[in-house]
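Report on the following structure.
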Amino acid sequence: MTQSAMQQLYQQIILDHAKSRNGAPAGGLPPLEAAGTAAGASLGADSPAGAGAGLRVTESHQVNTTCGDEVTVRIGVRAGEPGGSPESAGEPADDAVIEEFAWAGDGCSISMASASVLHDTVRGENVATARAVLNTFREMLRSRGTIEPDEEVLGDAAAFAGVSRYPARVKCAMLPWVAFEAALLAD
Amino acid sequence: MRSVCIARRREYAGEMTSSASPSTRANARPLTDEEVDRIRNDFPILDQLVNGHPLNYLDSGATSQNPLSVMEAEQEFYEQRNAAVHRGAHTLAFGATETFEAARATVAAFIGAQAAEIVWTSNATEGINLVAYSFSNASLGLGGPEAKRFALGAGDEIVVTEMEHHANLIPWQQLALRTGATLRFIPVRDDGTLDLGAAAGIVGARTRLLAVTHASNVVGTINPVAELVALARSVGALVLLDACQSVPHLPVDVAALDVDFAVFSGHKMLGPTGIGVLYGKAELLAGMPPFLTGGSMITTVDMHTAEFLAPPQRFEAGTQRISQAIALAAAVDYLTETGMERVAAREAELGQRLVAGLADIPGVRLLGPPAGVDRIGLASFDLAGVHAHDVGQYLDEAGIAVRVGHHCAQPLHRRLGVTASTRASTYLYTTTDEVDRFLATLAEVAPFFGVRS
């Protein structure tokens with residue numbers, strides 16, 4: 001057993017996140033309420049009642065067809081200041097803020113840890129920042145181990161650098177990020 | 001080339017089958033460790049390092065490896081005999097046709113069938129689809145009066161089981177959707193066996209077809225085919241047997257089992273990919289309309305109509321998988337000369353060794369019947385707190401190849417309360433040491449992932 005290879009892939013930070021599952025309500029996601037009515041309640045137990053007022057709540061469910069892993073990412077986005085950056089059709093403006101982020105899923109430690117890290121990384125950030133992290137993360141994972149992770153941009157997400165050497169597992173790490181990206185674009 | 005390959009097989013026959021006189025499975029002598037070591041010499045792929053460790057291939061349930069004789073048979077065909085079969089009037093074409101048809105006879109004899117009852121397909125999935133689409137065409141009125149008995153409509157029922165591979169489920173779902181028939185299923189019990197008590201209430205006067213697997217690719221259960229066939233017969237229903245996990249590993253006699261159809265794939269029984277087999281009782285195939293149509297399956301054609309050949313050619317439109325069929329026959333020769341009873345006895349031992357070992361590892365939940373109950377040489381399990389993909393990754397790092405995921409059986413996994421599992425599956429080249437090494441490495445997995453048990 002080459003422990004080092006396994007330890008490089010399964011960094012302690014990944015194993016910890018796979019267990020803590022930050023942002024995943026214990027009982028799963030509550031039913032998605034109609035947009036604008038009770039958005040806060042749709043985002044999980046830790047959102048105070050009424051916190052979601054004025055939030056645009058969207059979600060995306062993604063499945064990794066090779067293994068059956070699945071993740072649903074639900075986000076609550078507050079539109080930017082009037083007069084701020086323009087909102088293109090169906091997509092929040094750069095300065096809109098991802099106020100709420102909740103997810104539910106079932107899968108391997110890589111995909112579950114990735115969802116937990118994604119939650120910690122983008123919750124509270126504006127859309128432009130979140131997109132920048134997403135692009136950097138994707139670039140790193142597609143690099144087959146050739147790109148050194150930019151910890152400034154990625155934070156805990158840099159721990160997934162080892163995954164890029166295992167092409168079969170890149171999809172696992174990307175799954176929640178793809179769901180997040182689709183949720184940003186969802187109506 | 002050909003003489004080399006025959007000589008190799010003879011050598012085998014001398015070493016192995018002389019002592020394996022015809023015997024029942026119960027008292028067959030399992031292949032010994034020494035014999036398995038000799039068998040491994042015929043499988044060059046097994047002799048390699050993966051991630052710095054000797055390859056420990058425990059994924060034969062997904063695809064098996066090829067002995068040299070199989071690869072040589074395919075190469076010899078292309079080097080010496082390649083020509084279109086059932087078409088040419090030249091010497092090479094006659095030779096190719098003869099070898100191709102001899103392969104059909106070899107495979108037929110292996111499962112107790114007549115040559116004309118063997119239809120070549122690309123894989124087992126295509127075999128099942130062939131039957132489903134033939135029934136579908138019969139339901140549309142194609143095939144004349146003889147095909148009427150295969151026509152389905154509202155009020156008819158197709159029965160499958162909850163343990164089927166998607167290949168023996170989805171074609172029937174689709175057939176039901178196309179014809180208005182209803183799809184029902186025999187449930188699986190907690191221990192991974194069929195609920196035969198419930199089956200008697202499900203298979204009834206409306207049942208037209210029972211499609212069931214012989215041995216489960218997930219839980220390893222060997223289903224009581226005789227009982228299921230008797231149940232189907234009592235209501236006049238046809239039976240299709242998914243034999244993908246039985247024909248490669250157990251002696252199977254389709255005539256003795258009295259099933260109407262059976263499918264299996266070449267690549268799971270030491271053969272190449274791209275070749276599968278549909279067995280159908282001669283009198284049934286004779287009444288069935290074709291699925292794929294085109295060249296090589298007709299008698300006369302005009303601009304509006306066509307007359308079709310008798311089976312099996314009726315179901316073999318277009319250029320056939322010639323080298324693959326011939327190589328599959330070489331695989332069958334290899335299995336026959338080794339002795340299917342002895343292979344089955346060996347794998348029964350390995351299957352029991354697997355489940356007994358799994359029972360000793362904290363956190364492991366075996367899916368399927370416990371130790372002591374008949375199973376084929378495979379075991380699927382859930383390891384508490386560690387996802388199957390992570391288990392597979394850890395094992396792969398140690399050179400151990402297993403299958404992870406739902407193994408194309410999502411409904412069965414759902415029934416057993418898991419979304420994915422890890423499966424170790426053996427074959428005639430699997431050593432006892434490989435099984436033990438797998439178990440020892442598996443015991444390291446939960447501690448590595450920090451799961452307390």
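Every chain in the structure tokens takes a letter, A first, then B, and so on in the order presented; its residues are numbered from 1, and the ligands are numbered from 1 following the presented order.
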Each residue of chain B with at least one atom at most 8 Å from chain A should appear once, together with its nearest atom pair and the corresponding distance in Å (one decimal); atoms considered: only C-alpha atoms; ordering: chain, then increasing residue number; output as CSV.
residue,atom,partner,partner_atom,distance
B:Val386,CA,A:Ser109,CA,7.4
B:His387,CA,A:Cys108,CA,4.8
B:Ala388,CA,A:Cys108,CA,7.1
B:His389,CA,A:Cys108,CA,5.9
B:Asp390,CA,A:Cys108,CA,6.2
B:Tyr394,CA,A:Met6,CA,6.9
B:Glu397,CA,A:Met1,CA,6.7
B:Ala398,CA,A:Met1,CA,5.3
B:Val404,CA,A:Cys67,CA,7.6
B:Gly405,CA,A:Cys67,CA,4.9
B:His406,CA,A:Cys67,CA,6.9
B:Thr419,CA,A:Gly68,CA,7.3
B:Ala420,CA,A:Gly68,CA,7.5
B:Phe449,CA,A:Leu15,CA,6.8
B:Gly450,CA,A:Leu15,CA,8.0
**Request:** Write out as a ChimeraX atom specification which residues come within 8 Å of Cys408 in chain B when counting only C-alpha atoms, dropping same-chain ones fewer than 4 positions away.
**Result:** /B:165-167
Could the residues in this selection be written to a file with N, CA and C atoms, as a PDB file, in the first residue's frame?
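Once everything was written out, this is result-v8.pdb:
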ATOM      1  N   HIS B 165     -30.423  -7.192 -13.801  1.00  0.00           N
ATOM      2  CA  HIS B 165     -29.529  -6.230 -14.446  1.00  0.00           C
ATOM      3  C   HIS B 165     -30.414  -5.338 -15.320  1.00  0.00           C
ATOM      4  N   HIS B 166     -30.044  -4.084 -15.486  1.00  0.00           N
ATOM      5  CA  HIS B 166     -30.863  -3.182 -16.305  1.00  0.00           C
ATOM      6  C   HIS B 166     -31.148  -3.760 -17.692  1.00  0.00           C
ATOM      7  N   ALA B 167     -30.222  -4.593 -18.190  1.00  0.00           N
ATOM      8  CA  ALA B 167     -30.400  -5.180 -19.528  1.00  0.00           C
ATOM      9  C   ALA B 167     -31.588  -6.125 -19.584  1.00  0.00           C
TER      10      ALA B 167
END
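Of the residues under consideration (B:Val70, B:Ala306, B:Met297, B:Ile376), B:Val70 shows the shortest atom-to-atom contact distance to Pro272 in chain B when counting only C-alpha atoms.
Taking CA of His119 in chain A and CA of Ile98 in chain A as the two end points, the separation is 10.2 Å.
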**Asked** Quick one: of A:Arg78, A:His17, A:Lys171, A:His61, who's nearest to Arg138 in chain A, counting only C-alpha atoms?
**Response** A:Lys171
**Request:** Apply DSSP to the structure's backbone, then extract all residues of range 57-233 of chain B labelled alpha helix (DSSP H) and return them as a PyMOL selection string.
**Result:** chain B and resi 68-76+91-110+124-139+170-179+196-202+225-233
**Request:** Rounded to one decimal place, report the CA of Ser246 in chain B-CA of His214 in chain B distance in Å.
**Result:**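 Between CA of Ser246 in chain B and CA of His214 in chain B the gap is 6.2 Å.
The space separating CA of Ala205 in chain B from CA of Ala124 in chain B comes to 28.6 Å.
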**Request:** Show which residues sit within 10 Å of Val254 in chain B, as JSON, numbers by chain. Count only C-alpha atoms, and ignore same-chain residues fewer than 2 positions away.
**Result:** {"B": [108, 110, 111, 112, 113, 241, 243, 247, 251, 252, 256, 257, 258, 259, 260, 261, 262, 279, 280, 281]}
Could those residues be written to a file, using C-alpha atoms, as a compact mmCIF listing (two decimals), in the first residue's frame?
# COMPACT_ATOMS: atom_id res chain seq x y z
CA ALA B 108 -24.67 -24.99 -28.80
CA PHE B 110 -21.75 -26.31 -24.46
CA ILE B 111 -25.26 -25.39 -23.27
CA GLY B 112 -27.18 -28.45 -24.45
CA ALA B 113 -28.79 -26.78 -27.48
CA LEU B 241 -33.18 -16.70 -18.71
CA ALA B 243 -27.49 -16.54 -18.13
CA VAL B 247 -23.01 -19.95 -18.34
CA PRO B 251 -22.53 -26.16 -16.09
CA VAL B 252 -25.75 -25.01 -17.81
CA ALA B 256 -32.71 -29.65 -19.11
CA LEU B 257 -33.71 -26.30 -17.57
CA ASP B 258 -36.49 -26.15 -20.18
CA VAL B 259 -36.23 -22.37 -20.58
CA ASP B 260 -37.53 -20.88 -23.84
CA PHE B 261 -34.82 -18.29 -24.31
CA ALA B 262 -31.43 -17.68 -22.73
CA TYR B 279 -30.61 -19.31 -27.35
CA GLY B 280 -34.22 -19.87 -28.40
CA LYS B 281 -36.17 -23.10 -28.69
May I have a table of the residues of range 94-132 of chain A lying at most 12 Å from range 143-154 of chain A, giving each one's closest pair of atoms and their distance in Å to one decimal, counting only C-alpha atoms, ordered by chain and ascending residue number, as a Markdown table?
| residue | atom | partner | partner_atom | distance |
| --- | --- | --- | --- | --- |
| A:Ser114 | CA | A:Leu154 | CA | 11.9 |
| A:Val117 | CA | A:Leu154 | CA | 9.8 |
| A:Leu118 | CA | A:Leu154 | CA | 9.8 |
| A:Asp120 | CA | A:Leu154 | CA | 10.9 |
| A:Thr121 | CA | A:Leu154 | CA | 7.9 |
| A:Val122 | CA | A:Leu154 | CA | 10.3 |
| A:Thr129 | CA | A:Val153 | CA | 9.1 |
| A:Ala130 | CA | A:Val153 | CA | 9.9 |
| A:Arg131 | CA | A:Val153 | CA | 11.0 |
| A:Ala132 | CA | A:Val153 | CA | 8.1 |
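Excluding Gly180 in chain B and any residue on its chain fewer than 6 positions from it, the residues at most 9 Å away by only C-alpha atoms are Leu152, Gly153, Ala154, Gly155 and Asp156 of chain B.
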Keeping N, CA and C atoms, export the residues of the selection given above as an mmCIF file, in the first residue's frame.
data_model
loop_
_atom_site.group_PDB
_atom_site.id
_atom_site.type_symbol
_atom_site.label_atom_id
_atom_site.label_comp_id
_atom_site.auth_asym_id
_atom_site.auth_seq_id
_atom_site.Cartn_x
_atom_site.Cartn_y
_atom_site.Cartn_z
ATOM 1 N N LEU B 152 -48.364 -8.955 -27.848
ATOM 2 C CA LEU B 152 -48.768 -8.480 -26.520
ATOM 3 C C LEU B 152 -49.660 -7.268 -26.684
ATOM 4 N N GLY B 153 -50.525 -7.063 -25.702
ATOM 5 C CA GLY B 153 -51.374 -5.877 -25.709
ATOM 6 C C GLY B 153 -51.884 -5.616 -24.312
ATOM 7 N N ALA B 154 -52.802 -4.664 -24.204
ATOM 8 C CA ALA B 154 -53.377 -4.319 -22.905
ATOM 9 C C ALA B 154 -53.949 -5.580 -22.262
ATOM 10 N N GLY B 155 -53.686 -5.733 -20.969
ATOM 11 C CA GLY B 155 -54.182 -6.896 -20.254
ATOM 12 C C GLY B 155 -53.151 -8.000 -20.124
ATOM 13 N N ASP B 156 -52.137 -7.979 -21.020
ATOM 14 C CA ASP B 156 -51.053 -8.960 -20.906
ATOM 15 C C ASP B 156 -50.030 -8.464 -19.889
#
**Asked** Hey, what's within 12 Å of Ile118 in chain B if we count only C-alpha atoms and toss same-chain stuff fewer than 3 positions away? As number ranges by chain, please?
**Response** B: 101-115, 121, 127, 254, 261-264, 276-282, 285, 311-316, 325
Could those residues be written to a file, using C-alpha atoms, as a PDB file, in the first residue's frame?
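Output saved as result.pdb:
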ATOM      1  CA  GLU B 101     -20.872 -22.513 -38.259  1.00  0.00           C
ATOM      2  CA  ALA B 102     -18.596 -24.933 -36.409  1.00  0.00           C
ATOM      3  CA  ALA B 103     -18.306 -22.253 -33.721  1.00  0.00           C
ATOM      4  CA  ARG B 104     -22.095 -22.165 -33.478  1.00  0.00           C
ATOM      5  CA  ALA B 105     -22.178 -25.941 -33.010  1.00  0.00           C
ATOM      6  CA  THR B 106     -19.489 -25.739 -30.315  1.00  0.00           C
ATOM      7  CA  VAL B 107     -21.383 -23.101 -28.336  1.00  0.00           C
ATOM      8  CA  ALA B 108     -24.665 -24.991 -28.798  1.00  0.00           C
ATOM      9  CA  ALA B 109     -23.188 -28.219 -27.448  1.00  0.00           C
ATOM     10  CA  PHE B 110     -21.754 -26.313 -24.464  1.00  0.00           C
ATOM     11  CA  ILE B 111     -25.261 -25.388 -23.267  1.00  0.00           C
ATOM     12  CA  GLY B 112     -27.176 -28.455 -24.446  1.00  0.00           C
ATOM     13  CA  ALA B 113     -28.790 -26.784 -27.476  1.00  0.00           C
ATOM     14  CA  GLN B 114     -29.022 -27.492 -31.204  1.00  0.00           C
ATOM     15  CA  ALA B 115     -26.878 -25.329 -33.494  1.00  0.00           C
ATOM     16  CA  THR B 121     -25.714 -11.143 -31.234  1.00  0.00           C
ATOM     17  CA  GLY B 127     -30.149 -10.756 -27.391  1.00  0.00           C
ATOM     18  CA  VAL B 254     -30.798 -25.069 -21.390  1.00  0.00           C
ATOM     19  CA  PHE B 261     -34.816 -18.293 -24.306  1.00  0.00           C
ATOM     20  CA  ALA B 262     -31.427 -17.685 -22.726  1.00  0.00           C
ATOM     21  CA  VAL B 263     -28.819 -14.992 -23.294  1.00  0.00           C
ATOM     22  CA  PHE B 264     -25.165 -14.698 -22.369  1.00  0.00           C
ATOM     23  CA  GLY B 276     -23.179 -12.567 -27.462  1.00  0.00           C
ATOM     24  CA  VAL B 277     -25.550 -15.460 -27.737  1.00  0.00           C
ATOM     25  CA  LEU B 278     -29.307 -15.790 -27.817  1.00  0.00           C
ATOM     26  CA  TYR B 279     -30.613 -19.310 -27.349  1.00  0.00           C
ATOM     27  CA  GLY B 280     -34.215 -19.873 -28.402  1.00  0.00           C
ATOM     28  CA  LYS B 281     -36.174 -23.099 -28.692  1.00  0.00           C
ATOM     29  CA  ALA B 282     -36.292 -23.985 -32.396  1.00  0.00           C
ATOM     30  CA  LEU B 285     -37.612 -18.946 -33.158  1.00  0.00           C
ATOM     31  CA  PRO B 311     -33.634 -19.135 -37.889  1.00  0.00           C
ATOM     32  CA  PRO B 312     -30.929 -18.506 -36.927  1.00  0.00           C
ATOM     33  CA  GLN B 313     -30.096 -16.543 -40.127  1.00  0.00           C
ATOM     34  CA  ARG B 314     -33.436 -14.725 -39.911  1.00  0.00           C
ATOM     35  CA  PHE B 315     -32.080 -12.933 -36.842  1.00  0.00           C
ATOM     36  CA  GLU B 316     -28.563 -12.297 -38.163  1.00  0.00           C
ATOM     37  CA  ALA B 325     -17.753 -16.069 -32.779  1.00  0.00           C
TER      38      ALA B 325
END
